[in-house]
Every structure is written in C-alpha cells, then in structure tokens.
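In what follows, a structure is listed as structure tokens, so that the remarks can point back to it.
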There are 2 protein chains.
Amino acid sequence: MSNDTITRADLDDLATGATVLGTGGGGDPYIGKLMAEQAIEEHGPVDLIDPSEVPDDELVVPSAMLGAPTVMVEKIPRGDEAVAAFETLERSMGQEAFATMSIEAGGLNSTIPIAVAAALDIPLVDADAMGRAFPEVQMVTLTLGGIDATPMSIADEKGNSVFVNTQTNEKAEQFARTTSIDMGGSCMIATYPHTGAELREHGILRSMSYARDIGRTIREAQEDSANPIDALVEYVDGFKLFEGKVMDVARRTEGGFAVGEATIDGLSEYDGRTLSLDFQNEHLVARDSEHGVVASVPDLITVLDSETGDPITTEGLRYGHRVTVVGMECSEKWRTPAGLELVGPQYFDYDIDYEPIEDIYTELNK
Amino acid sequence: MSNDTITRADLDDLATGATVLGTGGGGDPYIGKLMAEQAIEEHGPVDLIDPSEVPDDELVVPSAMLGAPTVMVEKIPRGDEAVAAFETLERSMGQEAFATMSIEAGGLNSTIPIAVAAALDIPLVDADAMGRAFPEVQMVTLTLGGIDATPMSIADEKGNSVFVNTQTNEKAEQFARTTSIDMGGSCMIATYPHTGAELREHGILRSMSYARDIGRTIREAQEDSANPIDALVEYVDGFKLFEGKVMDVARRTEGGFAVGEATIDGLSEYDGRTLSLDFQNEHLVARDSEHGVVASVPDLITVLDSETGDPITTEGLRYGHRVTVVGMECSEKWRTPAGLELVGPQYFDYDIDYEPIEDIYTELNK
C-alpha cells in the first residue's frame, strides 16, 4: 500500500466531499479546514494511512468536536484543547495512540482530526465510524461492534476538561451533551479508543479518500464547465431527488442540537411539487408532496447549490436559494436491524419504516 | 493528642449534631448513617484524627454526595461508588490520600466519609470545609484559601463516572451539578484534594467532634428529661429565634436543588407573629413578621421539634409540626468580604446586607 498524505491543497476537496457526506450537518467544514490548514502549516503534511496499515493491537483514537453546529460557527476552537483531550485519553489508557481518525466522514469532524494528527505527529487513518455525519455520540458503527464510547475525554477552549466512563454509549452521549452545553455549546472530545483489528471489522473504511475524491469530482466538473451535480450523482451512484427554490427554513437550537425544517418549491421537472426536509444537525427525512418519503436516515440526503454544485449545510440554507437535493445509499452496516435501531427513522421519532433509497427511487421511476 | 475513634455507638449523636449544623439541608443524615454503620460493621471503627496529625505534605481528600436531598432520600447510594470516585482521584494525583474528610459538617455529608474511611482503612480528619452545610460546590472555606475543587471525581451507583478539571470552583459546581442531574439526581464525589498544611490554614477544624458533642448534648438532655433545646442553645452559644406551628411548606426541585419556603405561626411568647424561612437545600433567611430579618446566611438557622428537641431537615418539615428555630454564629472565615461574596445573602439573590446574628439578637433584646 503506497503512502498517501494530506496536504494543504487537499483540504478544499476534502472539505467539499465532507460537506456532501455531512448531509447538511457535521458542522461547517470551513472551521475544521482552518484548524487543519494552520496545523499543516506549522507541523507539515499528515500521513493518511490505509486501515490495513494499523497493527491489530495498536490503538486508534478518534478526535471530534461535539455540540450544535450553529454554536460551532461562532465559537472557534483554540486548537490545543483537542490535543489536550487526546493526550488525557492516551494517559488513561496507558498506551499511546498509533493514529487518530475521524469519527464521522461529514463536515467539520472530517477535518478536525487532521489538525490533531499534525500537532501530535501521528497518522490519520483513512476511515471513519459513520460513513456520513450523525448527531449523537452512540451513532457509530463501532457501537454496533460492541466498542465503548468511553473512556471519553472532553475539553474546552478555556482549559476545562471532563473525563467520562459510562456503562452504555447512550449514557456517554447524555454526559457529553450536557457537558458541551456547560462548556458554552461545543467542546472537543477524544472517544471510542479501539484497536486496528476492531477498526477493520467495525469501521467504515477508506471514507476520507472517498470524501476527497467526491470533492475533486465536483471541483473538476466546475473547472471543466461540466455539470458538477451530474458528475457527483454518477461518481457516488446517487439519486437526484428534487430541484427547486428554498421557500422557508425554520431552525432552533434544542438540547444542544440544531433542529428544524426546510421547504423547497419545485422547479423545471419538479414544478408544482414541494419537498420538505427535516433535520437534527443532519437531514433526517425528505418528503415529496406528490410521492411522500423519498429518502430517510440512515441514507444520505444532501443539498447542493443548483448553479455551482457546491454542497450546503443546514446553516447555509437561505430563502430563495436554488438547490438540488441528492440522495445516497448508506453503509450496509446501517441497514441491519441493529443499525436501524440505532439510527433509523424510528429512533428520531418518525413513524416511518425505513426503505432503502434505491428501492424507493426504482419504484417511483418505474 | 489522644486517638479518637468513631464507633457505631457514636453515629446517632453525630447524625443528630450534623442535622443541627446542616441548617435544614445537607441531606437526610439517616442515609449517611446507614452507609457508615454498614461500613463500620464490615471494616471496624474509623480513626478520627486531629487536623494537627496530618503531615504538612500529605493529602486529604474530602468525599461527599452531591445532588438534591429530596432525590437522595429515594435513591440510596450503593456505597462502593464513593470509594471508586475516591480511588480514581488518588490515581490521578499519583498520591495516596492520608485521610478523608467531610466537605460539610451538616447532614448526610458528615457521615458518608466515615463509610469511605472504613472501606479504605484510612482515618477521618476531625474537620470540614463549611462548619455547616451549603448547597454549592464552591461554597467552602477551601475556596477562600485558593484551593481548587478539581480534579474532582464523580461516580454513580450504576458504574458511570466523570472526572472533572476546571479553571474555577464555580465551573466545577456547574459541571458537577449537571452531571448529578444526568446521573438521576445525585452522585458521589471526591473533590478538593489538599494538604495537611492547607487544611490547618483553610479548613474548619474539629467540627466532627463538635457535631458529635452537639448530638450528645441533645440526647443527654432528652435522657435526663431536661429541655434539649435550652441545652443546645447553651452548648453552641446560640439564639432562640422563634417557636410556633408550621402553617405551610412550599417546595420544588429546581436545577438540582430543593428550593422552597416554610411559614411558621408563632406560639407562646411569639403568638401573633409569623416566621418565614426560605431555603435552597439549606435555610437561607429567617424573617419575623414583626422584626424583619432575624438571621441569614452564612449564619446557621436550624429548626427543631419543640417537644423532642430533635433537629428537622427541610424535607422533614410538615404542616402542623410544632417547631423551634435556633440560630448560631457561622465561622469567622465566612464573615470576611470574600466569605460573604461567596455565601452571603446577596449571592442567593437577596437584597439584604448581612448582619451578624448576635448583633441582630442584641438589638432586638435591648
């Protein structure tokens, strides 16, 4: 396996791809990109290693930001609190981490671990634990594999820190969430310490290079004056769900989450129809006024600027924005009964039986 | 200084005295007593050492329960979570504790460290950090001495634990309070690690034996058919503030605290007057309908059963109860500008300038 590195030049593509996989959430990748840029500037490029390169018993420790993305936009981390959280966790394990990893492939949290890797001079593993973004700590494929979220180390930019051990990953979510609120709405965490062997069995593999490739695909189409959304749909084997104009976005911060709904009025072939998008940090359910649910968690729902093809987070959604909504299949790990119990529509209080997006799409286009 | 021990026989006196010093709060001493009894039964009596016996550089780690007393009554700790919290803190300090200590002289938290001491086979220091009970973590004389509340170790009876490091003791209170709520309303903590030298300078010394002596004074008066309230007032140099019948108790649990007001209609020499008592876990302000404020924090306000002389916690206050209210001077440490800023009436949002209880009493009885 040849060595790969993440350079400053890669960060734009990675941030774009991560916004696509972030399905509206995961935080504004711009902040994570800034942190990563600064760290690479200071410490040099970061090695991106294949999951196969982590020895069986060596430790991988994901690092992430936790909180409401709406807060994260205004409360930029100082940077060293992520490193502090990481090192506290290492000390408690009595073992140095071989590498760090993104807990989610979406948004901010795809790029923040790059800064941690650069500062600690350790590699970043080409993997994550969602294959997208999700709002809660326990919503990772590692949970499905029986890996504990704790010991979890939490730190803020003021020098406060909290170290958590819980009996369940749901309890870890609860503790971390209220701590993030006490810390002003967001915090940095090091969590889910696991081994190379566990990563290969329970992680989502090669999702960082996938995110970078998605970003590159969109950028190259833009440079070639091709249609970037068509290029994206083709590259990810996705589904174009809707095209229209944003008519309304209602959002509120609730229990540490950015919660809301967006309404999109159809244009061109979608004229006369309306798409409503519900989100809790990430888009959860897309409902077409004519066809009903056209996509739901855990499948990915991404909103892009219809003209530029740039992906848009829920915070970026504005009245009048011309957007295209694209759906993508989630990892097979999420489509198991245990996966759907953890992140299916019913977990988010929707009275919907999950149907794979490709089945809905095939049915509608018969 | 001769060796002193706490035996099962001492626990009743200690619990009674601690309820007097608890000024209505600090939790039901019955639960702490049960835990201590069980631990002494299992591990033998606990050495009560004088503060002068702790070497200058040795570590004293107070252990305590944190939460709303109304919850603690129903959610009895398993016992080993206090030990777990204590040992986690010791590990983080890289130093074994020479002794444990009560963080407050009042209620539950005066007896819980006895159980910890017995289980760990370490002595209990004859001291505390309030000389009474107070509702919040930062409200200790150790804060006035610049001692940090953190590292603080928190554990619940389900095996969950949280370890906190903060920049201020007020922030430690905030983190611990929300954690106690996440843990179902109460939790066990090990906090304020400090040295023997620091204890002697900034602690409240010999308050455990004082609490035990108060309990013994009340018990002996009861046994001799003397007036236990008169005996108490004489022993503590206190002030009888009011005597009457409880007409109303309004209470609610708010942000992890037991908050409320009690109204007492005067009897005998207090006939025709009403005393209102405000509390937040502990009694904060006593207002006489004729004379206005007759006592306020940080001075101690204690309610006792008029017939038996037994002290009553705010949870024990019932309509129709015949009670006597007694006031006691707080430690001089609390009467400094820094002390009053931390625990004076204005901290609790009262627009009252603190006046020492003995001054108010002298003025009224001129």
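Just so we're on the same page: first chain in the structure tokens is A, next is B, and so on; residues restart at 1 for each chain, and ligands are numbered from 1 in the order they show up.
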Just list as an MDAnalysis selection string whatever in range 54-299 of chain B DSSP marks as alpha helix (DSSP H).
chainID B and resid 69:72 80:93 108:120 141:144 169:182 196:202 207:223 228:236
Exercise: Ser186 in chain B partners within 6 Å, only C-alpha atoms, chain neighbours under 3 positions left out, as a PDB file with N, CA and C atoms, in the first residue's frame:
```pdb
ATOM      1  N   LEU B  66     -23.508  14.531  46.154  1.00  0.00           N
ATOM      2  CA  LEU B  66     -23.944  15.800  45.580  1.00  0.00           C
ATOM      3  C   LEU B  66     -25.269  15.598  44.862  1.00  0.00           C
ATOM      4  N   GLY B  67     -26.193  16.509  45.094  1.00  0.00           N
ATOM      5  CA  GLY B  67     -27.499  16.415  44.440  1.00  0.00           C
ATOM      6  C   GLY B  67     -28.578  17.016  45.300  1.00  0.00           C
ATOM      7  N   SER B 180     -24.768  15.477  38.103  1.00  0.00           N
ATOM      8  CA  SER B 180     -25.636  14.851  39.115  1.00  0.00           C
ATOM      9  C   SER B 180     -27.045  14.672  38.559  1.00  0.00           C
TER      10      SER B 180
END
```
If you count only C-alpha atoms, which residues fall within 9 Å of Glu282 in chain A, apart from same-chain ones fewer than 5 positions away, as a list of chain:residue names?
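After dropping sequence-adjacent residues, the list is A:Gly22, A:Thr23, A:Gly24, A:Gly25, A:Gly26, A:Ala133, A:Phe134, A:Pro135, A:Ala258, A:Val259, A:Ile301, A:Thr313, A:Thr314.
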Next, the residues of the selection above should be written as a compact mmCIF listing (two decimals), in the first residue's frame with N, CA and C atoms.
```txt
# COMPACT_ATOMS: atom_id res chain seq x y z
N GLY A 22 -21.75 15.00 4.83
CA GLY A 22 -22.28 15.52 6.09
C GLY A 22 -23.79 15.65 6.08
N THR A 23 -24.40 15.52 4.90
CA THR A 23 -25.86 15.55 4.75
C THR A 23 -26.47 16.73 5.53
N GLY A 24 -25.85 17.89 5.37
CA GLY A 24 -26.39 19.10 5.98
C GLY A 24 -25.80 19.40 7.34
N GLY A 25 -25.24 18.39 8.00
CA GLY A 25 -24.75 18.60 9.37
C GLY A 25 -23.27 18.37 9.51
N GLY A 26 -22.88 18.00 10.71
CA GLY A 26 -21.47 17.73 10.96
C GLY A 26 -20.67 19.00 11.16
N ALA A 133 -22.46 11.89 8.46
CA ALA A 133 -22.49 12.53 9.77
C ALA A 133 -23.78 12.12 10.46
N PHE A 134 -23.73 12.02 11.78
CA PHE A 134 -24.92 11.77 12.60
C PHE A 134 -24.85 12.68 13.81
N PRO A 135 -26.00 12.95 14.44
CA PRO A 135 -25.96 13.92 15.54
C PRO A 135 -25.49 13.40 16.89
N ALA A 258 -29.02 21.49 16.52
CA ALA A 258 -29.68 22.40 15.60
C ALA A 258 -30.82 21.63 14.94
N VAL A 259 -32.04 22.01 15.26
CA VAL A 259 -33.22 21.28 14.81
C VAL A 259 -34.05 22.18 13.91
N ILE A 301 -28.93 12.37 2.64
CA ILE A 301 -29.69 13.39 1.92
C ILE A 301 -28.84 14.65 1.90
N THR A 313 -24.65 23.27 3.94
CA THR A 313 -25.06 22.76 5.25
C THR A 313 -26.42 23.36 5.62
N THR A 314 -27.07 22.80 6.64
CA THR A 314 -28.38 23.34 7.03
C THR A 314 -28.26 24.80 7.45
```
Counting only C-alpha atoms, what is within 7 Å of Glu104 in chain A, bar same-chain residues fewer than 3 positions away, as a ChimeraX atom specification?
/A:109-110,128-133
Write out, as CSV, each residue of chain A that has an atom at most 6 Å from chain B, together with the closest pair of atoms and their distance in Å to one decimal, counting only C-alpha atoms, rows going by chain and rising number.
```
residue,atom,partner,partner_atom,distance
A:Asn160,CA,B:Thr166,CA,4.3
A:Ser161,CA,B:Asn165,CA,4.9
A:Val162,CA,B:Val164,CA,4.3
A:Phe163,CA,B:Phe163,CA,4.5
A:Val164,CA,B:Val162,CA,4.3
A:Asn165,CA,B:Ser161,CA,4.9
A:Thr166,CA,B:Asn160,CA,4.3
A:Gln167,CA,B:Asn160,CA,5.9
```
Which neighbours of Gly327 in chain A fall inside 8 Å, counting only C-alpha atoms, when residues of the same chain fewer than 4 positions from it are skipped, and could you give them as a ChimeraX atom specification?
/A:238-241,295,299-302,357
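Counting only C-alpha atoms, Asp80 in chain B has the following residues at most 9 Å away, ignoring those fewer than 3 positions along the same chain: Pro77, Val83, Ala84, Ala85, Val116, Ala119 and Glu157 of chain B.
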Output file for the selection above: N, CA and C atoms, as a PDB file, in the first residue's frame:
```
ATOM      1  N   PRO B  77     -27.400   5.432  47.771  1.00  0.00           N
ATOM      2  CA  PRO B  77     -26.163   5.011  47.098  1.00  0.00           C
ATOM      3  C   PRO B  77     -25.790   3.580  47.446  1.00  0.00           C
ATOM      4  N   VAL B  83     -16.195   5.020  47.034  1.00  0.00           N
ATOM      5  CA  VAL B  83     -14.825   4.509  47.063  1.00  0.00           C
ATOM      6  C   VAL B  83     -14.198   4.593  45.675  1.00  0.00           C
ATOM      7  N   ALA B  84     -14.989   4.239  44.653  1.00  0.00           N
ATOM      8  CA  ALA B  84     -14.495   4.309  43.276  1.00  0.00           C
ATOM      9  C   ALA B  84     -14.088   5.739  42.929  1.00  0.00           C
ATOM     10  N   ALA B  85     -14.937   6.704  43.271  1.00  0.00           N
ATOM     11  CA  ALA B  85     -14.630   8.111  42.979  1.00  0.00           C
ATOM     12  C   ALA B  85     -13.346   8.518  43.694  1.00  0.00           C
ATOM     13  N   VAL B 116     -16.456   5.828  53.656  1.00  0.00           N
ATOM     14  CA  VAL B 116     -15.298   5.798  52.758  1.00  0.00           C
ATOM     15  C   VAL B 116     -14.030   5.476  53.550  1.00  0.00           C
ATOM     16  N   ALA B 119     -14.030   1.764  54.507  1.00  0.00           N
ATOM     17  CA  ALA B 119     -13.785   0.880  53.363  1.00  0.00           C
ATOM     18  C   ALA B 119     -12.338   0.953  52.905  1.00  0.00           C
ATOM     19  N   GLU B 157     -24.260   5.038  41.106  1.00  0.00           N
ATOM     20  CA  GLU B 157     -24.436   3.669  41.585  1.00  0.00           C
ATOM     21  C   GLU B 157     -24.581   2.678  40.435  1.00  0.00           C
TER      22      GLU B 157
END
```
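Those residues in range 183-226 of chain A carrying a DSSP assignment of strand (DSSP E or B), computed from the backbone, are Ser186, Cys187, Met188, Ile189, Ala190, His194, Thr195, Ile204 and Leu205 of chain A.
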Selection above as a file: N, CA and C atoms, as a PDB file, in the first residue's frame:
```pdb
ATOM      1  N   SER A 186     -20.249  23.899  22.755  1.00  0.00           N
ATOM      2  CA  SER A 186     -19.444  22.940  21.998  1.00  0.00           C
ATOM      3  C   SER A 186     -18.157  22.630  22.750  1.00  0.00           C
ATOM      4  N   CYS A 187     -17.543  21.509  22.399  1.00  0.00           N
ATOM      5  CA  CYS A 187     -16.306  21.079  23.060  1.00  0.00           C
ATOM      6  C   CYS A 187     -15.571  20.110  22.147  1.00  0.00           C
ATOM      7  N   MET A 188     -14.333  19.816  22.490  1.00  0.00           N
ATOM      8  CA  MET A 188     -13.554  18.838  21.744  1.00  0.00           C
ATOM      9  C   MET A 188     -13.525  17.530  22.529  1.00  0.00           C
ATOM     10  N   ILE A 189     -13.628  16.406  21.799  1.00  0.00           N
ATOM     11  CA  ILE A 189     -13.589  15.125  22.502  1.00  0.00           C
ATOM     12  C   ILE A 189     -12.608  14.145  21.848  1.00  0.00           C
ATOM     13  N   ALA A 190     -12.074  13.256  22.673  1.00  0.00           N
ATOM     14  CA  ALA A 190     -11.353  12.071  22.191  1.00  0.00           C
ATOM     15  C   ALA A 190     -12.151  10.900  22.743  1.00  0.00           C
ATOM     16  N   HIS A 194     -10.041   2.273  20.124  1.00  0.00           N
ATOM     17  CA  HIS A 194     -10.222   0.901  19.640  1.00  0.00           C
ATOM     18  C   HIS A 194      -8.967   0.451  18.903  1.00  0.00           C
ATOM     19  N   THR A 195      -8.871  -0.829  18.638  1.00  0.00           N
ATOM     20  CA  THR A 195      -7.645  -1.371  18.034  1.00  0.00           C
ATOM     21  C   THR A 195      -7.750  -1.424  16.511  1.00  0.00           C
ATOM     22  N   ILE A 204     -15.904   2.227   9.060  1.00  0.00           N
ATOM     23  CA  ILE A 204     -16.216   2.476   7.654  1.00  0.00           C
ATOM     24  C   ILE A 204     -14.880   2.808   6.992  1.00  0.00           C
ATOM     25  N   LEU A 205     -14.441   1.936   6.106  1.00  0.00           N
ATOM     26  CA  LEU A 205     -13.070   2.014   5.615  1.00  0.00           C
ATOM     27  C   LEU A 205     -12.931   2.897   4.372  1.00  0.00           C
TER      28      LEU A 205
END
```
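Our summary of the geometry notes that CA of Ile312 in chain B is positioned 17.9 Å from CA of Arg252 in chain B.
We find CA of Arg216 in chain B and CA of Leu232 in chain B to be spaced 9.7 Å apart.
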If you count only C-alpha atoms, which residues fall within 12 Å of Ala36 in chain B, apart from same-chain ones fewer than 3 positions away, as a VMD selection string?
chain B and resid 6 to 12 14 to 15 29 to 33 39 to 46 77 to 80 82 108 to 119
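The space separating CA of Leu342 in chain A from CA of Val285 in chain A comes to 15.7 Å.
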